[in-house]
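A.B. asks: Input file: run.cif. Contents: mmCIF, C-alpha atoms.
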```cif
data_final
loop_
_atom_site.label_atom_id
_atom_site.label_comp_id
_atom_site.auth_asym_id
_atom_site.auth_seq_id
_atom_site.Cartn_x
_atom_site.Cartn_y
_atom_site.Cartn_z
CA MET W 12 -87.14 -16.57 26.73
CA GLN W 13 -87.03 -19.02 23.84
CA ILE W 14 -83.76 -20.65 22.76
CA ASN W 15 -84.20 -19.24 19.26
CA GLU W 16 -84.22 -15.72 20.73
CA LEU W 17 -80.92 -16.40 22.47
CA ASN W 18 -79.42 -17.85 19.31
CA ALA W 19 -80.61 -14.83 17.37
CA ALA W 20 -78.80 -12.59 19.89
CA TYR W 21 -75.56 -14.52 19.34
CA GLN W 22 -76.03 -14.36 15.58
CA SER W 23 -76.53 -10.60 15.77
CA LEU W 24 -73.07 -10.44 17.33
CA GLY W 25 -71.51 -12.43 14.51
CA ILE W 26 -71.63 -16.06 15.66
CA ASP W 27 -72.47 -18.52 12.88
CA PRO W 28 -75.31 -21.01 13.63
CA LYS W 29 -72.88 -23.89 12.91
CA VAL W 30 -70.56 -22.64 15.67
CA LEU W 31 -73.48 -22.35 18.08
CA ASP W 32 -74.81 -25.82 17.26
CA TYR W 33 -71.38 -27.39 17.73
CA CYS W 34 -71.06 -26.01 21.26
CA VAL W 35 -74.55 -26.77 22.62
CA ASP W 36 -73.96 -30.36 23.73
CA ILE W 37 -70.54 -29.51 25.16
CA GLU W 38 -72.11 -26.94 27.49
CA LYS W 39 -74.84 -29.36 28.56
CA GLY W 40 -72.19 -31.91 29.51
CA LEU W 41 -70.55 -29.49 31.95
CA ILE W 42 -73.51 -28.92 34.28
CA GLU W 43 -72.15 -31.09 37.12
CA ARG W 44 -68.67 -29.52 36.95
CA PHE W 45 -70.19 -26.06 36.99
CA TYR W 46 -72.17 -26.98 40.11
CA THR W 47 -68.92 -27.96 41.88
CA ILE W 48 -67.35 -24.64 40.91
CA ASP W 49 -70.38 -22.81 42.29
CA LYS W 50 -69.99 -24.58 45.64
CA ILE W 51 -66.31 -23.54 45.86
CA ALA W 52 -67.34 -19.96 45.07
CA GLU W 53 -70.02 -20.14 47.77
CA PHE W 54 -67.46 -21.26 50.37
CA ASN W 55 -65.01 -18.52 49.37
CA GLN W 56 -67.75 -15.92 49.37
CA LEU W 57 -68.56 -16.78 52.98
CA LYS W 58 -64.87 -16.67 53.87
CA VAL W 59 -64.51 -13.14 52.48
CA LEU W 60 -67.75 -12.01 54.10
CA LYS W 61 -66.64 -13.30 57.51
CA ALA W 62 -63.32 -11.47 57.25
CA MET W 63 -65.11 -8.21 56.48
CA GLN W 64 -67.59 -8.67 59.31
CA ASP W 65 -64.92 -9.70 61.82
CA ASN W 66 -62.98 -6.51 61.03
CA ARG W 67 -66.13 -4.37 61.40
CA LEU W 68 -65.97 -2.94 57.90
CA SER W 69 -67.82 0.39 57.69
CA ASP W 70 -68.27 3.17 55.16
CA VAL W 71 -65.72 5.22 57.10
CA HIS W 72 -63.13 2.84 55.66
CA PHE W 73 -63.91 4.09 52.14
CA ALA W 74 -62.70 7.63 52.79
CA ALA W 75 -59.85 8.95 50.65
CA THR W 76 -56.43 9.89 51.99
CA THR W 77 -53.78 11.96 50.23
CA GLY W 78 -50.15 12.90 50.66
CA TYR W 79 -48.36 10.63 53.10
CA GLY W 80 -51.52 8.70 53.95
CA TYR W 81 -50.90 8.63 57.69
CA ASN W 82 -53.74 7.09 59.72
CA ASP W 83 -55.52 5.59 56.71
CA ILE W 84 -57.87 3.31 58.61
CA GLY W 85 -59.41 2.01 55.41
CA ARG W 86 -56.04 0.84 54.13
CA ASP W 87 -55.18 -0.75 57.48
CA THR W 88 -58.54 -2.52 57.64
CA LEU W 89 -58.21 -3.78 54.06
CA GLU W 90 -54.89 -5.34 54.99
CA LYS W 91 -56.41 -6.99 58.06
CA VAL W 92 -59.20 -8.40 55.87
CA TYR W 93 -56.68 -9.81 53.38
CA ALA W 94 -54.66 -11.35 56.20
CA ASP W 95 -57.79 -13.05 57.53
CA VAL W 96 -58.94 -14.27 54.11
CA PHE W 97 -55.51 -15.82 53.50
CA HIS W 98 -55.11 -17.05 57.12
CA ALA W 99 -51.88 -15.06 57.31
CA GLU W 100 -50.22 -12.98 60.03
CA ASP W 101 -50.03 -9.78 58.01
CA ALA W 102 -50.70 -8.24 54.61
CA LEU W 103 -49.50 -5.42 52.39
CA VAL W 104 -52.26 -4.40 49.94
CA ARG W 105 -51.46 -1.22 48.06
CA PRO W 106 -52.27 0.68 44.87
CA GLN W 107 -48.56 1.56 44.83
CA LEU W 108 -47.90 -2.07 43.84
CA ILE W 109 -48.54 -1.64 40.14
CA SER W 110 -48.54 -5.28 39.00
CA GLY W 111 -47.92 -8.83 40.07
CA THR W 112 -44.35 -8.56 38.82
CA HIS W 113 -43.84 -5.42 40.92
CA ALA W 114 -45.30 -7.09 44.02
CA LEU W 115 -42.96 -10.06 43.53
CA THR W 116 -40.02 -7.70 43.02
CA VAL W 117 -40.81 -5.90 46.27
CA ALA W 118 -41.18 -9.16 48.19
CA LEU W 119 -37.88 -10.49 46.83
CA SER W 120 -35.95 -7.25 47.28
CA GLY W 121 -37.21 -6.76 50.81
CA ASN W 122 -36.21 -10.20 52.00
CA LEU W 123 -32.93 -10.89 50.18
CA ARG W 124 -29.46 -9.53 50.82
CA PRO W 125 -26.14 -9.72 48.93
CA GLY W 126 -24.81 -13.28 48.97
CA ASP W 127 -28.26 -14.86 49.28
CA GLU W 128 -29.54 -17.27 46.64
CA ILE W 129 -33.02 -17.69 45.17
CA LEU W 130 -34.12 -21.20 44.25
CA SER W 131 -36.93 -21.96 41.83
CA PRO W 132 -37.80 -25.65 42.35
CA VAL W 133 -40.52 -25.51 39.68
CA GLY W 134 -38.51 -24.50 36.61
CA LYS W 135 -38.07 -21.16 34.91
CA PRO W 136 -40.29 -18.37 36.26
CA TYR W 137 -42.60 -16.21 34.15
CA ASP W 138 -40.85 -14.12 31.50
CA THR W 139 -41.15 -10.74 33.24
CA LEU W 140 -39.30 -12.09 36.30
CA GLU W 141 -36.22 -12.99 34.27
CA GLY W 142 -35.09 -9.36 34.26
CA VAL W 143 -35.97 -8.92 37.95
CA ILE W 144 -33.84 -11.88 39.01
CA GLY W 145 -31.11 -11.26 36.46
CA ILE W 146 -31.56 -14.40 34.36
CA THR W 147 -31.74 -11.85 31.56
CA GLU W 148 -29.21 -9.05 32.07
CA THR W 149 -31.20 -6.01 33.15
CA LYS W 150 -30.38 -2.78 34.95
CA GLY W 151 -31.37 -2.94 38.61
CA SER W 152 -31.75 -6.72 38.71
CA LEU W 153 -31.19 -8.67 41.90
CA ALA W 154 -28.07 -10.14 40.29
CA GLU W 155 -26.53 -6.64 40.26
CA PHE W 156 -26.84 -6.67 44.05
CA GLY W 157 -25.00 -9.97 44.44
CA ILE W 158 -28.08 -12.18 44.76
CA THR W 159 -27.69 -15.45 42.87
CA TYR W 160 -30.26 -17.76 41.32
CA SER W 161 -30.59 -21.51 40.82
CA GLN W 162 -33.30 -23.58 39.24
CA VAL W 163 -34.56 -27.15 39.29
CA ASP W 164 -36.84 -28.09 36.43
CA LEU W 165 -39.93 -30.19 36.92
CA LEU W 166 -39.78 -33.76 35.69
CA SER W 167 -41.15 -34.54 32.23
CA GLU W 168 -44.52 -35.63 33.64
CA GLY W 169 -44.78 -32.44 35.71
CA GLY W 170 -43.70 -33.81 39.10
CA PHE W 171 -41.08 -32.39 41.42
CA ASP W 172 -37.45 -33.47 41.05
CA TRP W 173 -36.96 -34.23 44.74
CA GLU W 174 -33.33 -35.32 44.40
CA GLY W 175 -32.51 -32.31 42.24
CA ILE W 176 -34.10 -29.98 44.79
CA LYS W 177 -32.21 -31.63 47.64
CA ALA W 178 -28.94 -31.09 45.80
CA ALA W 179 -29.81 -27.46 44.96
CA VAL W 180 -30.55 -26.29 48.51
CA LYS W 181 -27.32 -24.83 49.88
CA LYS W 182 -26.23 -22.87 52.93
CA ASN W 183 -26.94 -19.53 51.22
CA THR W 184 -30.30 -20.57 49.73
CA LYS W 185 -32.45 -17.93 51.39
CA LEU W 186 -35.72 -18.06 49.46
CA ALA W 187 -37.61 -20.54 47.29
CA THR W 188 -39.94 -18.97 44.74
CA ILE W 189 -42.82 -21.23 43.73
CA GLN W 190 -44.88 -20.16 40.73
CA ARG W 191 -48.34 -21.66 41.04
CA SER W 192 -49.52 -21.03 37.49
CA LYS W 193 -47.86 -22.29 34.32
CA GLY W 194 -46.99 -18.92 32.77
CA TYR W 195 -45.93 -19.58 29.17
CA ALA W 196 -44.59 -23.04 30.05
CA SER W 197 -46.26 -26.30 29.07
CA ARG W 198 -46.38 -27.63 32.62
CA PRO W 199 -49.28 -28.30 34.97
CA THR W 200 -50.47 -25.61 37.34
CA LEU W 201 -49.71 -26.54 40.93
CA SER W 202 -52.54 -27.33 43.32
CA VAL W 203 -52.39 -25.92 46.84
CA GLU W 204 -51.94 -29.49 48.08
CA LYS W 205 -48.87 -29.99 45.84
CA ILE W 206 -47.46 -26.62 46.92
CA GLY W 207 -47.84 -27.76 50.53
CA GLU W 208 -45.90 -30.96 49.81
CA LEU W 209 -43.09 -28.97 48.23
CA ILE W 210 -42.93 -26.48 51.11
CA ARG W 211 -42.77 -29.26 53.71
CA PHE W 212 -39.91 -30.89 51.81
CA LEU W 213 -38.00 -27.60 51.55
CA LYS W 214 -38.51 -26.85 55.26
CA GLU W 215 -37.18 -30.29 56.19
CA LEU W 216 -34.04 -29.58 54.18
CA LYS W 217 -33.62 -26.03 55.53
CA PRO W 218 -36.05 -24.90 58.22
CA ASP W 219 -35.26 -21.19 57.82
CA ILE W 220 -35.81 -21.05 54.05
CA ILE W 221 -38.45 -18.49 53.03
CA CYS W 222 -41.07 -20.10 50.79
CA MET W 223 -42.74 -17.53 48.56
CA VAL W 224 -45.64 -18.43 46.24
CA ASP W 225 -46.48 -16.45 43.12
CA ASN W 226 -50.24 -16.88 43.49
CA CYS W 227 -51.29 -15.01 40.33
CA TYR W 228 -54.38 -16.51 38.63
CA GLY W 229 -54.92 -18.98 41.49
CA GLU W 230 -56.80 -17.03 44.16
CA PHE W 231 -60.25 -18.44 45.05
CA VAL W 232 -59.96 -21.32 42.58
CA GLU W 233 -59.75 -23.71 45.54
CA THR W 234 -61.00 -23.40 49.10
CA LEU W 235 -57.42 -23.17 50.44
CA GLU W 236 -54.66 -20.64 49.71
CA PRO W 237 -50.91 -21.38 49.87
CA THR W 238 -50.49 -19.56 53.19
CA GLN W 239 -52.67 -22.27 54.72
CA VAL W 240 -50.17 -24.99 53.76
CA GLY W 241 -46.97 -23.35 54.97
CA ALA W 242 -46.13 -20.56 52.52
CA ASP W 243 -44.26 -17.75 54.27
CA LEU W 244 -45.26 -15.26 51.59
CA CYS W 245 -48.01 -15.28 49.00
CA VAL W 246 -48.01 -12.60 46.29
CA GLY W 247 -50.41 -11.51 43.57
CA SER W 248 -52.02 -8.75 41.53
CA LEU W 249 -55.31 -6.99 42.26
CA ILE W 250 -56.12 -6.72 38.55
CA LYS W 251 -56.27 -10.49 38.46
CA ASN W 252 -58.49 -12.70 40.63
CA PRO W 253 -58.73 -10.91 44.01
CA GLY W 254 -59.66 -7.52 42.56
CA GLY W 255 -62.88 -8.93 41.17
CA GLY W 256 -62.65 -6.67 38.12
CA LEU W 257 -63.20 -3.53 40.20
CA ALA W 258 -59.67 -2.87 41.46
CA PRO W 259 -58.14 -0.34 39.04
CA ILE W 260 -54.57 -1.09 40.14
CA GLY W 261 -52.68 -2.76 42.96
CA GLY W 262 -51.02 -5.83 44.34
CA TYR W 263 -50.86 -7.80 47.56
CA ILE W 264 -48.24 -9.53 49.69
CA VAL W 265 -49.53 -11.69 52.55
CA GLY W 266 -47.77 -13.99 54.96
CA LYS W 267 -45.50 -13.99 58.00
CA LYS W 268 -45.39 -10.59 59.68
CA GLU W 269 -41.59 -10.29 59.53
CA TYR W 270 -41.41 -10.92 55.79
CA VAL W 271 -44.36 -8.67 54.97
CA GLU W 272 -42.77 -5.90 57.03
CA ASN W 273 -39.48 -6.35 55.14
CA ALA W 274 -41.37 -5.97 51.87
CA ALA W 275 -43.11 -2.83 53.16
CA TYR W 276 -39.76 -1.21 53.94
CA ARG W 277 -38.69 -1.86 50.35
CA LEU W 278 -41.97 -0.52 48.90
CA THR W 279 -41.81 2.77 50.81
CA ALA W 280 -38.58 3.41 52.72
CA PRO W 281 -36.63 1.94 55.64
CA GLY W 282 -38.21 3.19 58.84
CA LEU W 283 -41.53 4.06 57.16
CA GLY W 284 -42.88 0.71 55.97
CA LYS W 285 -46.64 0.29 56.20
CA GLU W 286 -47.23 3.61 57.98
CA VAL W 287 -47.41 5.60 54.74
CA GLY W 288 -49.11 5.27 51.37
CA ALA W 289 -52.25 7.21 50.50
CA THR W 290 -55.12 5.24 48.97
CA LEU W 291 -56.56 8.23 47.03
CA GLY W 292 -60.18 7.10 47.31
CA LEU W 293 -59.63 3.57 45.95
CA ASN W 294 -60.55 1.67 49.11
CA ALA W 295 -64.22 1.15 48.23
CA SER W 296 -63.30 -0.43 44.88
CA LEU W 297 -60.66 -2.64 46.50
CA PHE W 298 -63.07 -3.86 49.18
CA GLN W 299 -65.96 -4.38 46.78
CA GLY W 300 -63.74 -6.11 44.22
CA LEU W 301 -62.54 -8.54 46.88
CA PHE W 302 -66.15 -9.16 47.90
CA LEU W 303 -67.13 -10.02 44.32
CA ALA W 304 -63.95 -11.97 43.53
CA PRO W 305 -65.16 -15.52 44.39
CA GLN W 306 -68.11 -15.17 42.02
CA VAL W 307 -66.02 -13.54 39.28
CA VAL W 308 -63.40 -16.27 39.52
CA SER W 309 -66.08 -18.94 39.21
CA GLY W 310 -67.22 -17.42 35.91
CA ALA W 311 -63.66 -17.35 34.60
CA LEU W 312 -63.18 -20.99 35.64
CA LYS W 313 -66.30 -22.06 33.79
CA GLY W 314 -65.06 -20.28 30.69
CA ALA W 315 -61.68 -22.03 30.90
CA ILE W 316 -63.30 -25.46 31.24
CA TYR W 317 -65.69 -24.68 28.37
CA ALA W 318 -62.74 -23.68 26.17
CA ALA W 319 -60.80 -26.83 27.07
CA ASN W 320 -63.68 -29.10 26.12
CA ILE W 321 -64.47 -27.31 22.86
CA TYR W 322 -60.93 -27.22 21.55
CA GLU W 323 -60.07 -30.70 22.81
CA LYS W 324 -63.01 -32.11 20.88
CA LEU W 325 -61.65 -30.39 17.77
CA GLY W 326 -58.37 -32.27 18.19
CA TYR W 327 -56.17 -29.57 19.70
CA LEU W 328 -53.83 -30.15 22.62
CA VAL W 329 -55.21 -28.33 25.66
CA LEU W 330 -53.71 -27.87 29.12
CA PRO W 331 -55.39 -28.65 31.44
CA ASN W 332 -57.45 -31.11 29.45
CA GLY W 333 -61.22 -31.07 29.44
CA SER W 334 -61.67 -33.30 32.49
CA GLU W 335 -58.73 -32.41 34.78
CA ASP W 336 -59.15 -30.60 38.09
CA ARG W 337 -58.49 -26.86 37.89
CA PHE W 338 -55.99 -24.91 39.99
CA ASP W 339 -55.94 -21.58 38.12
CA ILE W 340 -58.09 -19.72 35.59
CA ILE W 341 -55.70 -20.08 32.63
CA GLN W 342 -56.47 -22.34 29.68
CA ALA W 343 -53.69 -23.17 27.23
CA VAL W 344 -54.60 -24.24 23.70
CA THR W 345 -51.89 -25.30 21.25
CA LEU W 346 -53.04 -24.13 17.82
CA ASN W 347 -49.94 -25.18 15.83
CA SER W 348 -49.55 -22.02 13.74
CA ALA W 349 -49.03 -18.30 14.19
CA GLU W 350 -52.02 -17.63 11.92
CA ALA W 351 -54.33 -19.64 14.17
CA VAL W 352 -53.03 -17.94 17.33
CA ILE W 353 -53.63 -14.51 15.81
CA ALA W 354 -57.14 -15.50 14.67
CA PHE W 355 -57.99 -16.79 18.17
CA CYS W 356 -56.83 -13.53 19.76
CA LYS W 357 -58.76 -11.48 17.23
CA GLY W 358 -61.86 -13.37 18.30
CA ILE W 359 -61.28 -12.58 21.97
CA GLN W 360 -60.74 -8.90 21.11
CA ALA W 361 -63.90 -8.82 18.99
CA ALA W 362 -65.86 -10.18 21.96
CA ALA W 363 -64.75 -7.36 24.28
CA PRO W 364 -66.99 -4.59 25.64
CA VAL W 365 -64.12 -2.12 25.20
CA ASP W 366 -62.10 -1.69 21.98
CA SER W 367 -63.93 -4.52 20.22
CA TYR W 368 -63.18 -2.80 16.90
CA VAL W 369 -59.41 -2.95 17.48
CA THR W 370 -57.30 -5.63 15.76
CA PRO W 371 -54.55 -7.05 17.99
CA GLU W 372 -51.17 -7.70 16.37
CA PRO W 373 -47.96 -9.32 17.68
CA TRP W 374 -45.29 -6.90 18.92
CA ALA W 375 -42.01 -6.78 20.83
CA MET W 376 -43.49 -6.26 24.29
CA PRO W 377 -41.08 -5.15 27.06
CA GLY W 378 -40.02 -7.99 29.35
CA TYR W 379 -40.53 -10.76 26.77
CA GLN W 380 -37.99 -12.56 24.60
CA CYS W 381 -40.12 -12.84 21.44
CA ASP W 382 -43.07 -11.06 19.85
CA VAL W 383 -46.25 -11.42 21.89
CA ILE W 384 -49.88 -10.90 20.92
CA MET W 385 -52.33 -9.75 23.57
CA ALA W 386 -56.10 -9.41 23.28
CA ALA W 387 -57.90 -7.57 26.06
CA GLY W 388 -60.69 -5.07 25.64
CA SER W 389 -60.97 -4.43 29.35
CA PHE W 390 -62.32 -1.74 31.64
CA VAL W 391 -58.98 -1.80 33.49
CA GLN W 392 -55.91 -1.80 31.26
CA GLY W 393 -54.14 -5.16 31.42
CA SER W 394 -56.71 -6.70 33.73
CA SER W 395 -56.50 -10.43 33.05
CA ILE W 396 -59.43 -11.35 35.27
CA GLU W 397 -61.36 -9.70 32.46
CA LEU W 398 -61.73 -11.61 29.18
CA SER W 399 -58.26 -11.80 27.66
CA ALA W 400 -55.83 -13.97 25.72
CA ASP W 401 -52.15 -13.74 24.96
CA ALA W 402 -49.48 -15.80 23.29
CA PRO W 403 -45.79 -15.74 22.44
CA ILE W 404 -45.40 -16.03 18.68
CA LYS W 405 -43.16 -19.08 18.65
CA PRO W 406 -43.60 -22.85 18.29
CA PRO W 407 -45.66 -24.74 19.32
CA TYR W 408 -47.94 -21.69 18.99
CA THR W 409 -49.88 -21.98 22.21
CA VAL W 410 -52.42 -19.36 23.20
CA PHE W 411 -53.29 -18.68 26.85
CA PHE W 412 -56.91 -17.74 27.51
CA GLN W 413 -58.20 -16.42 30.83
CA GLY W 414 -60.78 -14.28 32.52
CA GLY W 415 -64.30 -13.09 31.94
CA LEU W 416 -66.08 -11.05 34.58
CA THR W 417 -69.12 -13.26 34.01
CA TRP W 418 -69.49 -16.81 32.73
CA TYR W 419 -71.66 -15.52 29.89
CA HIS W 420 -68.98 -13.17 28.66
CA ALA W 421 -66.31 -15.87 28.89
CA LYS W 422 -68.61 -18.16 26.88
CA PHE W 423 -69.12 -15.51 24.19
CA GLY W 424 -65.37 -14.94 23.98
CA ILE W 425 -64.73 -18.62 23.30
CA LEU W 426 -67.49 -18.73 20.70
CA MET W 427 -65.98 -15.70 18.96
CA SER W 428 -62.47 -17.24 19.00
CA LEU W 429 -63.96 -20.31 17.32
CA GLN W 430 -65.81 -18.10 14.86
CA LYS W 431 -62.62 -16.35 13.72
CA LEU W 432 -60.82 -19.66 13.19
CA TYR W 433 -63.84 -20.96 11.28
CA GLU W 434 -64.00 -17.86 9.07
CA LYS W 435 -60.30 -18.23 8.22
CA GLY W 436 -60.82 -21.87 7.22
CA LEU W 437 -58.41 -22.96 9.94
CA LEU W 438 -60.82 -25.54 11.36
CA LYS W 439 -63.85 -27.49 10.27
CA ILE W 440 -67.01 -27.95 12.33
#
```
Can the structure from this file be put into structure tokens for me?
C.D. replies:
Amino acid sequence: MQINELNAAYQSLGIDPKVLDYCVDIEKGLIERFYTIDKIAEFNQLKVLKAMQDNRLSDVHFAATTGYGYNDIGRDTLEKVYADVFHAEDALVRPQLISGTHALTVALSGNLRPGDEILSPVGKPYDTLEGVIGITETKGSLAEFGITYSQVDLLSEGGFDWEGIKAAVKKNTKLATIQRSKGYASRPTLSVEKIGELIRFLKELKPDIICMVDNCYGEFVETLEPTQVGADLCVGSLIKNPGGGLAPIGGYIVGKKEYVENAAYRLTAPGLGKEVGATLGLNASLFQGLFLAPQVVSGALKGAIYAANIYEKLGYLVLPNGSEDRFDIIQAVTLNSAEAVIAFCKGIQAAAPVDSYVTPEPWAMPGYQCDVIMAAGSFVQGSSIELSADAPIKPPYTVFFQGGLTWYHAKFGILMSLQKLYEKGLLKI
């Protein structure tokens, strides 16, 4: 196929030739980085494949269960596969875990008791966890059950405040929650290596502290996962990286058997734990999504790097920058105005396969402290491994872009975001 045919296809979808021409050389300059990403995906693909083969995955594991879900061998095998992929003792992988926030809530509630304290040594957690912990007064929060919270912010350059952490760890500090990704904060995402350093330091201070990692957006970005560097628990959502775009719902909790079991008793009921929970015919999608996840994540990573380089060249502050190593799939772009953020998100929505005709607008979304705009025309509602973008409407007006089930779709989404800004006269090319 000729290049002019490809350009004509982009133009038929609304991309101006000037936008296309601007981005051509940027893409060419990323060939070596994209090759490195492909090699990481290849390694992770083999890791997932081995776990499935070692657990003798068969089509009998795709059968549906209903009601109580006793003897669901597909569910049990899926959890063994996840445990192997993450090099963990045990796993809880369930459609009954409706989101990453829910999975984190279950892990925290199952392993904390009145009088215990949670420590966040990496600053304030993601907005939706504020109500869970009780930072924001909310019915049913952990604070209502006598569980306290303390926090040590990262240093200005993004490093750990070792002395502050040392001072914060007390006799009743039961669990340290470590958020890998930046959330809506302007801090670096943590590499698995850095997470390992932090866990070793915490364990030296208090050997029995439970170290839990919020792994959302980080799975399969590197060849290691946090459970391989000492994390006692690792938690995430199946409608992000590990679901590969096929999981219609669900979350996972992997780690030490004792702590996973505690979480299972909170998810279902004391005495029942992992023995119940029907999978309702979802097992095939959960297995196949996991199988595809390394490749899907690689496409999302390429899109994030492409976005960073395009917007950095235009003079915007981007985090990570265009040349930094990547530890999650999220790309932050500071656009400096609400109008620009809204235009960017309209571009992402217009690039979607689903609801491309819809216009996203900021609104008071539950769990957030200001209006938020979200763009996501996805096959699975809220799936942020699919092409999506969101932003709190507040200074410095930073938008967070992530996802794309394929590199080509992620690329188109970025081109369309640029197109909408260009049409509004908010940037010059």
A.B. asks: Can you tell me, as a list in words, which residues sit within 10 Å of (-53.6, -30.8, 29.0) in the file's frame, using only C-alpha atoms?
C.D. replies: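 The requested residues, written out, are Ser197, Arg198, Pro199, Ala319, Glu323, Tyr327, Leu328, Val329, Leu330, Pro331, Asn332, Gly333, Ser334, Glu335, Gln342, Ala343, Val344 and Thr345 of chain W.
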A.B. asks: Please report the interatomic distance between atom CA of Gly414 of chain W and atom CA of Val240 of chain W in Å with one decimal.
C.D. replies: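 Rounded to one decimal, the two atoms are 26.0 Å apart.
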A.B. asks: Would you list the contacts of Thr188 of chain W as a PyMOL selection string, taking every protein, DNA or RNA residue within 10 Å and counting all atoms listed in the file, but skipping same-chain residues closer than 6 positions in sequence?
C.D. replies: chain W and resi 115+119+129-134+136+162+221-225+244-245
A.B. asks: Assuming the chain letters and numbering stay as they are in my file, what does the PyMOL selection byres ((chain W and resi 62) around 8) actually select? List them as an MDAnalysis selection string.
C.D. replies: chainID W and resid 58:61 63:66 92:93 95:96
A.B. asks: Quick check, in Å to one decimal: how far apart do atom CA of Leu108 of chain W and atom CA of Ala258 of chain W lie?
C.D. replies: 12.0 Å
A.B. asks: Pick out the closest residue to Leu103 of chain W from this set: W:Lys435, W:His420, W:Lys357, W:Lys91. Count all atoms listed in the file.
C.D. replies: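 Among the listed residues, the smallest separation from Leu103 of chain W belongs to W:Lys91.
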A.B. asks: Which distance in Å separates atom CA of Phe171 of chain W and atom CA of Lys135 of chain W, to one decimal?
C.D. replies: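 Separation of atom CA of Phe171 of chain W and atom CA of Lys135 of chain W: 13.3 Å.
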A.B. asks: With a distance cut-off of 12 Å and only C-alpha atoms, select the neighbouring residues of Val104 of chain W, excluding the residue or stretch itself and same-chain residues fewer than 6 positions from it, and output the selection as a compact mmCIF listing (two decimals) with C-alpha atoms, in the coordinates of the input.
C.D. replies:
```
# COMPACT_ATOMS: atom_id res chain seq x y z
CA GLY W 85 -59.41 2.01 55.41
CA ARG W 86 -56.04 0.84 54.13
CA ASP W 87 -55.18 -0.75 57.48
CA THR W 88 -58.54 -2.52 57.64
CA LEU W 89 -58.21 -3.78 54.06
CA GLU W 90 -54.89 -5.34 54.99
CA LYS W 91 -56.41 -6.99 58.06
CA VAL W 92 -59.20 -8.40 55.87
CA TYR W 93 -56.68 -9.81 53.38
CA ALA W 94 -54.66 -11.35 56.20
CA SER W 110 -48.54 -5.28 39.00
CA GLY W 111 -47.92 -8.83 40.07
CA ALA W 114 -45.30 -7.09 44.02
CA CYS W 245 -48.01 -15.28 49.00
CA VAL W 246 -48.01 -12.60 46.29
CA GLY W 247 -50.41 -11.51 43.57
CA SER W 248 -52.02 -8.75 41.53
CA LEU W 249 -55.31 -6.99 42.26
CA PRO W 253 -58.73 -10.91 44.01
CA GLY W 254 -59.66 -7.52 42.56
CA ALA W 258 -59.67 -2.87 41.46
CA ILE W 260 -54.57 -1.09 40.14
CA GLY W 261 -52.68 -2.76 42.96
CA GLY W 262 -51.02 -5.83 44.34
CA TYR W 263 -50.86 -7.80 47.56
CA ILE W 264 -48.24 -9.53 49.69
CA VAL W 265 -49.53 -11.69 52.55
CA GLY W 266 -47.77 -13.99 54.96
CA VAL W 271 -44.36 -8.67 54.97
CA GLU W 272 -42.77 -5.90 57.03
CA ALA W 274 -41.37 -5.97 51.87
CA ALA W 275 -43.11 -2.83 53.16
CA LEU W 278 -41.97 -0.52 48.90
CA LYS W 285 -46.64 0.29 56.20
CA GLY W 288 -49.11 5.27 51.37
CA ALA W 289 -52.25 7.21 50.50
CA THR W 290 -55.12 5.24 48.97
CA LEU W 293 -59.63 3.57 45.95
CA ASN W 294 -60.55 1.67 49.11
CA LEU W 297 -60.66 -2.64 46.50
CA PHE W 298 -63.07 -3.86 49.18
CA LEU W 301 -62.54 -8.54 46.88
```
A.B. asks: Specify as number ranges by chain each residue included when the PyMOL selection byres ((chain W and resi 160) around 9) is applied to this file.
C.D. replies: W: 127-131, 144-146, 154, 158-159, 161-162, 184
A.B. asks: Pick from W:Gly358, W:Pro364, W:Pro407, W:Gly292: nearest to Val71 of chain W, with only C-alpha atoms counted?
C.D. replies: W:Gly292
A.B. asks: Edge lengths and centre in Å to one decimal, as JSON, of the axis-aligned box that encloses all listed atoms of segment 202-211 of chain W with 8 Å added on every side?
C.D. replies:
```
{"center_x": -47.7, "center_y": -28.4, "center_z": 48.5, "size_x": 25.8, "size_y": 21.0, "size_z": 26.4}
```
A.B. asks: Name the closest residue to Val180 of chain W among the candidates W:Gly194, W:Gly151, W:Gly229, W:Pro218; distances are taken between atoms, counting all atoms listed in the file.
C.D. replies: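 Of W:Gly194, W:Gly151, W:Gly229, W:Pro218, the one nearest Val180 of chain W is W:Pro218, counting all atoms listed in the file.
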A.B. asks: Using all atoms listed in the file, which of W:Lys431, W:Arg337, W:Ile316, W:Thr409 sits nearest Ile42 of chain W?
C.D. replies: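 Smallest distance to Ile42 of chain W is found for W:Ile316.
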A.B. asks: Using the chain letters and numbers from the file, give me the residues hit by the PyMOL selection byres ((chain W and resi 139) around 8), as a PDB file with C-alpha atoms, in the coordinates of the input.
C.D. replies:
```
ATOM      1  CA  THR W 112     -44.350  -8.560  38.820  1.00  0.00           C
ATOM      2  CA  TYR W 137     -42.600 -16.210  34.150  1.00  0.00           C
ATOM      3  CA  ASP W 138     -40.850 -14.120  31.500  1.00  0.00           C
ATOM      4  CA  LEU W 140     -39.300 -12.090  36.300  1.00  0.00           C
ATOM      5  CA  GLU W 141     -36.220 -12.990  34.270  1.00  0.00           C
ATOM      6  CA  GLY W 142     -35.090  -9.360  34.260  1.00  0.00           C
ATOM      7  CA  VAL W 143     -35.970  -8.920  37.950  1.00  0.00           C
ATOM      8  CA  GLY W 378     -40.020  -7.990  29.350  1.00  0.00           C
ATOM      9  CA  TYR W 379     -40.530 -10.760  26.770  1.00  0.00           C
TER      10      TYR W 379
END
```
A.B. asks: Which residue is closest to Arg211 of chain W? Choose from W:Ala242, W:Ala311, W:Ile189, W:Ala362 and count only C-alpha atoms.
C.D. replies: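 Nearest to Arg211 of chain W: W:Ala242.
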